[in-house]
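Asker: My structure is stored as upload_5.txt, with compact mmCIF, C-alpha atoms.
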```txt
# COMPACT_ATOMS: atom_id res chain seq x y z
CA MET A 1 0.00 0.00 0.00
CA ALA A 2 1.44 3.35 -1.00
CA GLU A 3 2.58 5.73 1.73
CA GLY A 4 -0.01 8.40 2.36
CA ALA A 5 -2.86 6.34 0.86
CA SER A 6 -6.26 7.99 1.28
CA PRO A 7 -8.78 6.66 3.82
CA ARG A 8 -11.09 5.46 1.04
CA ARG A 9 -8.27 3.61 -0.73
CA ILE A 10 -7.33 1.90 2.54
CA ALA A 11 -10.98 1.02 3.17
CA VAL A 12 -11.19 -0.63 -0.25
CA LYS A 13 -8.07 -2.71 0.48
CA VAL A 14 -9.64 -3.95 3.71
CA LEU A 15 -12.98 -4.66 2.03
CA GLU A 16 -11.16 -6.67 -0.66
CA ARG A 17 -9.58 -8.86 2.02
CA ILE A 18 -12.95 -9.43 3.68
CA GLU A 19 -14.69 -10.21 0.39
CA ASN A 20 -12.03 -12.19 -1.46
CA ASP A 21 -10.04 -13.86 1.32
CA GLY A 22 -12.74 -14.36 3.94
CA ALA A 23 -10.72 -12.27 6.41
CA PHE A 24 -12.41 -11.25 9.66
CA ALA A 25 -13.27 -7.57 9.48
CA ASN A 26 -11.92 -6.57 12.89
CA LEU A 27 -8.62 -8.43 12.48
CA VAL A 28 -7.73 -7.22 9.00
CA LEU A 29 -8.91 -3.68 9.75
CA ASN A 30 -6.83 -3.38 12.92
CA ALA A 31 -3.74 -4.80 11.23
CA THR A 32 -4.12 -2.47 8.25
CA LEU A 33 -4.65 0.62 10.38
CA GLU A 34 -1.58 -0.20 12.46
CA LYS A 35 0.53 -0.13 9.29
CA SER A 36 -1.08 3.04 7.96
CA LYS A 37 0.11 6.58 8.63
CA LEU A 38 -3.39 7.93 9.14
CA ASP A 39 -4.24 10.26 12.00
CA SER A 40 -6.94 9.32 14.52
CA ARG A 41 -9.71 11.12 12.60
CA ASP A 42 -8.95 9.31 9.34
CA ARG A 43 -8.57 5.98 11.14
CA ALA A 44 -12.04 6.47 12.61
CA PHE A 45 -13.41 7.26 9.13
CA VAL A 46 -11.84 4.10 7.67
CA THR A 47 -13.36 2.06 10.49
CA GLU A 48 -16.78 3.59 9.88
CA MET A 49 -16.57 2.94 6.13
CA VAL A 50 -15.40 -0.66 6.47
CA TYR A 51 -17.87 -1.65 9.15
CA GLY A 52 -20.72 0.30 7.59
CA THR A 53 -20.21 -1.05 4.08
CA THR A 54 -19.84 -4.60 5.42
CA ARG A 55 -22.98 -4.37 7.55
CA MET A 56 -25.07 -2.81 4.80
CA ARG A 57 -23.72 -4.96 1.97
CA ARG A 58 -27.07 -6.41 0.96
CA ALA A 59 -28.83 -3.03 0.91
CA CYS A 60 -25.93 -1.53 -1.06
CA ASP A 61 -26.07 -4.36 -3.61
CA TYR A 62 -29.81 -3.98 -4.07
CA THR A 63 -29.34 -0.25 -4.64
CA LEU A 64 -26.56 -0.86 -7.15
CA ASP A 65 -28.31 -3.58 -9.08
CA ARG A 66 -31.10 -1.21 -10.09
CA PHE A 67 -28.55 0.53 -12.33
CA LEU A 68 -26.35 -2.38 -13.39
CA HIS A 69 -27.37 -4.46 -16.37
CA ASP A 70 -24.27 -6.62 -16.74
CA GLU A 71 -21.88 -8.43 -14.44
CA ILE A 72 -19.04 -6.29 -13.17
CA GLU A 73 -15.68 -7.32 -11.75
CA PRO A 74 -15.50 -7.83 -7.97
CA LEU A 75 -13.31 -4.79 -7.33
CA ALA A 76 -15.77 -2.53 -9.11
CA ARG A 77 -18.60 -3.81 -6.94
CA ILE A 78 -16.57 -3.27 -3.76
CA ILE A 79 -15.81 0.33 -4.73
CA LEU A 80 -19.41 0.96 -5.74
CA ARG A 81 -20.67 -0.48 -2.45
CA LEU A 82 -18.39 1.91 -0.62
CA GLY A 83 -19.81 4.81 -2.63
CA VAL A 84 -23.40 3.74 -2.02
CA TRP A 85 -22.81 3.40 1.72
CA GLN A 86 -21.44 6.93 1.88
CA ILE A 87 -24.36 8.37 -0.07
CA ILE A 88 -27.23 6.50 1.61
CA PHE A 89 -26.03 5.50 5.05
CA GLY A 90 -22.82 7.33 5.86
CA GLY A 91 -24.02 10.91 5.86
CA VAL A 92 -21.37 11.99 3.35
CA PRO A 93 -22.60 14.74 0.97
CA ALA A 94 -23.44 13.07 -2.34
CA HIS A 95 -21.12 15.18 -4.48
CA ALA A 96 -18.18 14.49 -2.17
CA ALA A 97 -18.96 10.77 -1.95
CA VAL A 98 -19.19 10.45 -5.74
CA SER A 99 -16.08 12.42 -6.63
CA ALA A 100 -13.86 10.92 -3.91
CA THR A 101 -14.96 7.36 -4.64
CA VAL A 102 -14.53 7.73 -8.41
CA GLU A 103 -11.06 9.12 -7.81
CA ILE A 104 -9.85 5.86 -6.21
CA ALA A 105 -11.36 3.64 -8.92
CA PRO A 106 -9.03 2.15 -11.57
CA ARG A 107 -9.30 3.95 -14.90
CA ARG A 108 -10.84 0.91 -16.62
CA PHE A 109 -14.13 1.32 -14.74
CA ARG A 110 -13.93 4.88 -13.46
CA GLY A 111 -16.59 5.97 -15.94
CA LEU A 112 -18.95 3.21 -14.79
CA CYS A 113 -18.51 4.18 -11.13
CA ASN A 114 -19.13 7.84 -11.92
CA ALA A 115 -22.29 7.15 -13.90
CA VAL A 116 -23.80 4.66 -11.43
CA LEU A 117 -23.06 6.68 -8.29
CA ARG A 118 -24.41 9.87 -9.84
CA ARG A 119 -27.64 8.13 -10.82
CA ILE A 120 -27.98 6.72 -7.29
CA SER A 121 -27.42 10.14 -5.72
CA GLU A 122 -30.02 11.68 -8.03
CA ASN A 123 -32.59 8.89 -7.59
CA PRO A 124 -32.86 8.06 -3.88
CA LEU A 125 -34.51 4.75 -3.09
CA THR A 126 -37.88 5.16 -1.39
CA ASP A 127 -39.37 1.66 -1.62
CA TRP A 128 -37.49 -1.42 -0.38
CA PRO A 129 -38.84 -4.86 -1.33
CA SER A 130 -38.40 -6.25 2.20
CA GLU A 131 -37.22 -5.28 5.65
CA ALA A 132 -34.41 -7.84 5.41
CA ILE A 133 -33.01 -6.07 2.34
CA GLU A 134 -33.52 -2.57 3.73
CA LEU A 135 -31.83 -3.48 7.01
CA SER A 136 -29.26 -5.67 5.23
CA TYR A 137 -29.65 -9.08 6.85
CA PRO A 138 -29.98 -12.55 5.33
CA ASP A 139 -33.63 -13.56 4.94
CA TRP A 140 -33.25 -16.62 7.18
CA LEU A 141 -31.79 -14.53 9.98
CA MET A 142 -34.66 -12.02 10.03
CA VAL A 143 -37.14 -14.91 9.99
CA GLN A 144 -35.26 -16.54 12.86
CA LEU A 145 -35.22 -13.39 14.99
CA GLU A 146 -38.91 -12.71 14.36
CA SER A 147 -39.76 -16.28 15.32
CA ASP A 148 -37.67 -16.22 18.50
CA ILE A 149 -38.32 -12.75 19.94
CA GLY A 150 -41.29 -11.39 17.96
CA LYS A 151 -41.47 -9.17 14.91
CA GLN A 152 -41.30 -5.77 16.65
CA ASN A 153 -38.42 -6.77 18.90
CA ALA A 154 -36.60 -8.27 15.91
CA LEU A 155 -36.96 -5.10 13.83
CA GLU A 156 -35.78 -2.88 16.68
CA MET A 157 -32.87 -5.23 17.33
CA ALA A 158 -31.88 -5.29 13.66
CA LYS A 159 -31.97 -1.49 13.44
CA THR A 160 -29.94 -1.05 16.63
CA MET A 161 -27.28 -3.49 15.43
CA ASN A 162 -26.79 -1.39 12.29
CA GLU A 163 -25.58 1.49 14.44
CA PRO A 164 -21.93 1.83 15.52
CA ALA A 165 -21.21 0.22 18.88
CA LEU A 166 -20.78 2.50 21.87
CA ALA A 167 -17.44 2.60 23.66
CA VAL A 168 -18.05 1.67 27.29
CA THR A 169 -15.22 1.91 29.81
CA ARG A 170 -15.21 0.31 33.27
CA LYS A 171 -13.90 2.14 36.32
CA ASP A 172 -10.59 0.28 35.94
CA GLY A 173 -10.17 1.48 32.34
CA TYR A 174 -11.10 -1.79 30.60
CA HIS A 175 -13.42 -1.47 27.61
CA GLN A 176 -16.40 -3.78 28.05
CA ASP A 177 -20.00 -3.61 26.93
CA LEU A 178 -22.58 -2.91 29.62
CA SER A 179 -24.50 -6.18 29.23
CA SER A 180 -21.27 -8.20 29.56
CA GLN A 181 -20.48 -6.34 32.77
CA MET A 182 -23.98 -7.16 34.01
CA VAL A 183 -23.36 -10.89 33.44
CA ALA A 184 -20.12 -10.80 35.46
CA GLU A 185 -21.72 -8.80 38.26
CA LEU A 186 -24.69 -11.17 38.42
CA ALA A 187 -22.36 -14.20 38.44
CA ILE A 188 -20.66 -13.08 41.66
CA ASN A 189 -23.64 -11.39 43.29
CA GLY A 190 -24.01 -12.57 46.87
CA MET A 191 -20.63 -14.31 47.01
CA ARG A 192 -18.45 -13.89 50.09
CA ALA A 193 -14.76 -13.08 50.37
CA GLY A 194 -12.74 -16.19 49.62
CA ASP A 195 -15.50 -17.94 47.67
CA SER A 196 -14.36 -19.38 44.35
CA ILE A 197 -15.68 -19.04 40.81
CA LEU A 198 -14.46 -20.63 37.59
CA ASP A 199 -14.84 -18.81 34.26
CA LEU A 200 -14.83 -21.83 31.94
CA CYS A 201 -14.69 -20.04 28.55
CA SER A 202 -12.94 -16.88 29.62
CA ALA A 203 -11.19 -15.27 26.62
CA PRO A 204 -10.61 -12.39 26.13
CA GLY A 205 -11.03 -11.96 29.87
CA GLY A 206 -13.48 -9.13 30.38
CA LYS A 207 -15.82 -11.03 32.69
CA ALA A 208 -12.99 -12.88 34.48
CA THR A 209 -11.07 -9.70 35.29
CA LEU A 210 -14.21 -7.99 36.55
CA MET A 211 -15.07 -10.94 38.79
CA ALA A 212 -11.48 -11.16 40.05
CA SER A 213 -11.25 -7.45 40.86
CA GLY A 214 -13.01 -7.97 44.19
CA GLU A 215 -12.52 -10.55 46.91
CA VAL A 216 -13.83 -13.57 45.02
CA TRP A 217 -11.14 -16.11 44.08
CA THR A 218 -11.45 -16.41 40.30
CA VAL A 219 -9.89 -18.99 37.96
CA ALA A 220 -10.03 -18.57 34.17
CA THR A 221 -9.73 -21.28 31.54
CA ASP A 222 -9.97 -21.48 27.78
CA ILE A 223 -9.28 -24.07 25.14
CA ARG A 224 -6.21 -22.60 23.41
CA GLU A 225 -3.02 -21.04 24.67
CA SER A 226 -3.51 -18.08 22.33
CA ARG A 227 -6.89 -17.35 23.88
CA ILE A 228 -5.57 -17.63 27.42
CA GLY A 229 -2.82 -15.26 26.31
CA LEU A 230 -5.49 -12.61 25.71
CA VAL A 231 -6.80 -13.09 29.25
CA ALA A 232 -3.25 -12.93 30.64
CA ASN A 233 -2.54 -9.66 28.84
CA ASN A 234 -5.72 -8.05 30.12
CA ALA A 235 -5.14 -9.25 33.68
CA GLU A 236 -1.58 -7.94 33.60
CA GLN A 237 -2.64 -4.52 32.31
CA LEU A 238 -5.24 -4.29 35.08
CA ASN A 239 -2.77 -5.57 37.70
CA ILE A 240 -5.13 -8.41 38.64
CA ASP A 241 -3.97 -11.76 40.03
CA LEU A 242 -5.87 -14.29 37.95
CA PRO A 243 -4.91 -17.99 37.81
CA LEU A 244 -5.09 -19.23 34.21
CA VAL A 245 -5.46 -22.75 32.81
CA VAL A 246 -5.44 -23.95 29.21
CA SER A 247 -8.06 -26.68 28.98
CA ASP A 248 -10.99 -27.98 26.97
CA GLY A 249 -14.12 -26.83 28.79
CA CYS A 250 -15.80 -30.13 28.00
CA TYR A 251 -13.06 -31.96 29.93
CA PRO A 252 -11.97 -29.54 32.68
CA PRO A 253 -8.96 -30.65 34.78
CA PHE A 254 -10.47 -29.91 38.19
CA LYS A 255 -11.79 -32.05 41.00
CA PRO A 256 -15.56 -32.47 41.18
CA LYS A 257 -17.35 -29.86 43.29
CA ALA A 258 -14.21 -27.68 43.38
CA PHE A 259 -15.90 -24.27 42.97
CA ASN A 260 -18.69 -22.36 44.64
CA ARG A 261 -19.80 -21.13 41.24
CA VAL A 262 -19.00 -21.79 37.60
CA LEU A 263 -19.69 -19.39 34.74
CA VAL A 264 -20.14 -20.87 31.28
CA ASP A 265 -20.04 -17.91 28.91
CA ALA A 266 -20.38 -20.28 26.00
CA PRO A 267 -19.38 -20.02 22.34
CA CYS A 268 -22.54 -19.05 20.50
CA SER A 269 -23.96 -17.63 17.28
CA GLY A 270 -23.18 -14.10 18.50
CA LEU A 271 -26.38 -12.62 17.07
CA GLY A 272 -26.50 -10.16 19.95
CA VAL A 273 -23.16 -8.58 19.05
CA LEU A 274 -23.53 -8.06 15.30
CA ARG A 275 -22.94 -4.32 15.65
CA ARG A 276 -19.38 -5.08 16.82
CA ARG A 277 -18.83 -7.93 14.36
CA ALA A 278 -19.73 -6.35 11.08
CA ASP A 279 -19.20 -9.46 8.94
CA ALA A 280 -20.74 -12.03 11.30
CA ARG A 281 -24.24 -11.72 9.85
CA TRP A 282 -22.88 -13.07 6.56
CA ARG A 283 -20.92 -15.92 8.21
CA ILE A 284 -23.32 -17.54 10.66
CA THR A 285 -25.66 -20.26 9.37
CA LYS A 286 -28.54 -22.31 10.75
CA GLU A 287 -26.29 -25.36 10.64
CA GLU A 288 -23.68 -23.58 12.73
CA ILE A 289 -26.27 -22.78 15.40
CA GLU A 290 -27.26 -26.46 15.54
CA ARG A 291 -23.61 -27.42 16.06
CA LEU A 292 -23.11 -24.78 18.73
CA VAL A 293 -26.13 -25.99 20.73
CA LEU A 294 -24.53 -29.41 21.08
CA LEU A 295 -21.30 -27.83 22.33
CA GLN A 296 -23.16 -25.54 24.75
CA GLU A 297 -24.98 -28.46 26.33
CA GLU A 298 -21.75 -30.46 26.64
CA LEU A 299 -20.04 -27.51 28.36
CA LEU A 300 -22.92 -27.11 30.82
CA LEU A 301 -22.92 -30.80 31.72
CA ALA A 302 -19.16 -30.73 32.34
CA ALA A 303 -19.41 -27.53 34.37
CA LEU A 304 -22.22 -28.88 36.56
CA ASN A 305 -19.85 -31.48 38.03
CA LEU A 306 -17.51 -28.72 39.22
CA VAL A 307 -20.05 -26.87 41.38
CA ALA A 308 -20.02 -27.54 45.10
CA PRO A 309 -23.33 -28.23 46.91
CA GLY A 310 -25.12 -24.98 47.59
CA GLY A 311 -23.36 -23.30 44.69
CA GLN A 312 -24.53 -21.96 41.37
CA LEU A 313 -23.96 -22.69 37.70
CA ILE A 314 -24.37 -19.66 35.42
CA TYR A 315 -24.87 -19.95 31.66
CA SER A 316 -24.63 -16.91 29.40
CA VAL A 317 -24.53 -16.31 25.65
CA CYS A 318 -24.38 -13.15 23.54
CA THR A 319 -27.30 -14.27 21.40
CA VAL A 320 -31.09 -14.49 21.61
CA THR A 321 -32.04 -17.57 19.59
CA SER A 322 -34.48 -19.86 21.35
CA ALA A 323 -32.33 -22.86 20.43
CA GLU A 324 -29.35 -21.49 22.37
CA THR A 325 -31.35 -20.10 25.29
CA ILE A 326 -34.85 -21.24 26.29
CA GLU A 327 -34.79 -24.59 24.51
CA LEU A 328 -31.32 -25.48 25.76
CA ASP A 329 -32.26 -24.42 29.30
CA GLU A 330 -35.39 -26.59 29.34
CA ARG A 331 -33.51 -29.61 28.01
CA PHE A 332 -30.64 -29.15 30.48
CA ARG A 333 -32.92 -28.84 33.50
CA LYS A 334 -34.94 -31.88 32.43
CA LYS A 335 -31.79 -33.96 31.90
CA THR A 336 -30.07 -32.98 35.16
CA GLY A 337 -32.88 -32.11 37.55
CA VAL A 338 -31.25 -28.82 38.59
CA GLN A 339 -33.48 -25.93 39.52
CA SER A 340 -33.46 -22.36 38.25
CA CYS A 341 -32.39 -19.69 40.74
CA GLY A 342 -35.51 -17.71 39.97
CA PRO A 343 -36.25 -14.23 38.60
CA LEU A 344 -33.50 -11.84 37.57
CA PRO A 345 -33.37 -8.18 38.60
CA ASP A 346 -34.22 -5.29 36.33
CA PRO A 347 -33.39 -4.46 33.59
CA TRP A 348 -33.23 -8.14 32.54
CA ARG A 349 -36.28 -9.14 30.49
CA VAL A 350 -37.98 -12.37 31.52
CA HIS A 351 -36.79 -15.03 29.08
CA GLY A 352 -38.20 -18.40 30.03
CA GLU A 353 -36.57 -19.25 33.38
CA GLY A 354 -33.72 -16.83 32.67
CA GLY A 355 -33.20 -13.28 31.50
CA MET A 356 -32.39 -11.42 28.31
CA ILE A 357 -31.11 -8.00 27.30
CA LEU A 358 -31.84 -6.92 23.72
CA PRO A 359 -29.50 -4.40 22.06
CA GLN A 360 -32.21 -1.73 21.99
CA ASP A 361 -32.84 -2.04 25.75
CA LEU A 362 -29.60 -0.41 26.90
CA ASN A 363 -28.00 0.45 23.54
CA SER A 364 -25.71 -2.46 24.30
CA GLU A 365 -24.98 -5.99 23.16
CA GLY A 366 -27.72 -8.60 23.23
CA MET A 367 -27.28 -11.14 26.02
CA ALA A 368 -29.09 -14.03 27.69
CA ILE A 369 -28.36 -15.59 31.08
CA PHE A 370 -29.63 -18.58 33.09
CA ARG A 371 -28.69 -19.48 36.67
CA TYR A 372 -28.98 -22.88 38.33
CA GLN A 373 -28.92 -23.80 42.01
CA VAL A 374 -26.85 -26.92 42.75
CA GLU A 375 -27.94 -28.96 45.77
```
Take the structure from the file and write it as structure tokens.
Answerer:
Amino acid sequence: MAEGASPRRIAVKVLERIENDGAFANLVLNATLEKSKLDSRDRAFVTEMVYGTTRMRRACDYTLDRFLHDEIEPLARIILRLGVWQIIFGGVPAHAAVSATVEIAPRRFRGLCNAVLRRISENPLTDWPSEAIELSYPDWLMVQLESDIGKQNALEMAKTMNEPALAVTRKDGYHQDLSSQMVAELAINGMRAGDSILDLCSAPGGKATLMASGEVWTVATDIRESRIGLVANNAEQLNIDLPLVVSDGCYPPFKPKAFNRVLVDAPCSGLGVLRRRADARWRITKEEIERLVLLQEELLLAALNLVAPGGQLIYSVCTVTSAETIELDERFRKKTGVQSCGPLPDPWRVHGEGGMILPQDLNSEGMAIFRYQVE
């Protein structure tokens, strides 16, 4: 990449990696920005363009296809998407969006980009064929959300997750979404000094470091050394003593009944955090959710054996699908005979025997939590 490359040119390079190489948006964006010589304002603009264009890809494509009559090369579509996002969703004045986007296009299709973007700026779209296209989600995902949480909740959730995520900072300086903090606080609520809690799937360590910042003895595990390394770095920066173990959560290397509480913040579909993971809506599939449910149940069964009598098992996921929340909870309680701990405090919504926060509730991530009393 040439020294002094413009923000839009850098954004296109990142979008190419996401589209052509299947790169994760956050990883390739962060790596690219680190190598760039952009100031903080331009870095923020690149981030907004990359995440915005990736989120709104389907809506951008629908807008483009009204004025395209032939197939175009992938790079042309990426550049045109970027232009459409600026015009329709990014709040960039149309004339500036058109001219600046055309400027970074290769000469071979610069005329096409100019013509199409000008027509789009002069003919704003007023009638979308479906809410899924307008809000830029796969059809199956909108159907799933409507089925699981109701149409109005699903629409509000989808709209909220198209907005940039808020930066939330804890008192200790760690950046962590409000609903994630609420899970950690609920997990240790009522515990006494010296009580123990295991965070079974702890990376990157936000919940573990929050739980360990008080007088509760906290142990954090995760399946790979690289993931535990993230927890270690965060604990070190916060000056928190946090024992770390690399282990498969389905086969934890601890004695039975070793902890007063165990938190299973399980791998999930992540549908509650799509605003932070711009490309995730295009990656997740129904089949993946079915696979994850099996893993979630296996983790819960393994974790149950680690809870001492009188203790609690806490299950949380940053998603809202019934399969990963209510249905899994009902099946787990029926299989094991454990009882729910009862209602959750405000502002948790009642969600079966557990609780749920939707993104629109607190302008936060979506989250679900279930607590079990172990006798």
Asker: What's the 12 Å shell around Arg108 of chain A, counting all atoms listed in the file, without same-chain residues fewer than 4 positions away, as a PyMOL selection string?
Answerer: chain A and resi 72-73+75-76+102+104+112-114
Asker: Just the number, please: distance in Å from atom CA of Gln86 of chain A to atom CA of Ile284 of chain A, one decimal.
Answerer: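 So the answer is 26.1 Å.
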Asker: Between A:Ile223, A:Ala280, A:Met367, A:Met49, which one has atoms that come closest to Asp177 of chain A, using all atoms listed in the file?
Answerer: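 Among the listed residues, A:Met367 lies closest to Asp177 of chain A.
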Asker: Nearest to Pro347 of chain A among A:Met182, A:Glu131, A:Gly310, A:Leu242, with distances taken over all atoms listed in the file: which residue is it?
Answerer: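 When distances to Pro347 of chain A are compared using all atoms listed in the file, the smallest one comes from A:Met182.
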Asker: What's the 7 Å shell around segment 194-209 of chain A, counting only C-alpha atoms, without same-chain residues fewer than 3 positions away, as JSON, numbers by chain?
Answerer: {"A": [176, 180, 181, 184, 191, 212, 213, 215, 216, 217, 218, 219, 220, 221, 222, 227, 228, 230, 231, 234, 235, 240, 249, 259, 260, 261, 262, 263, 264, 265, 266]}
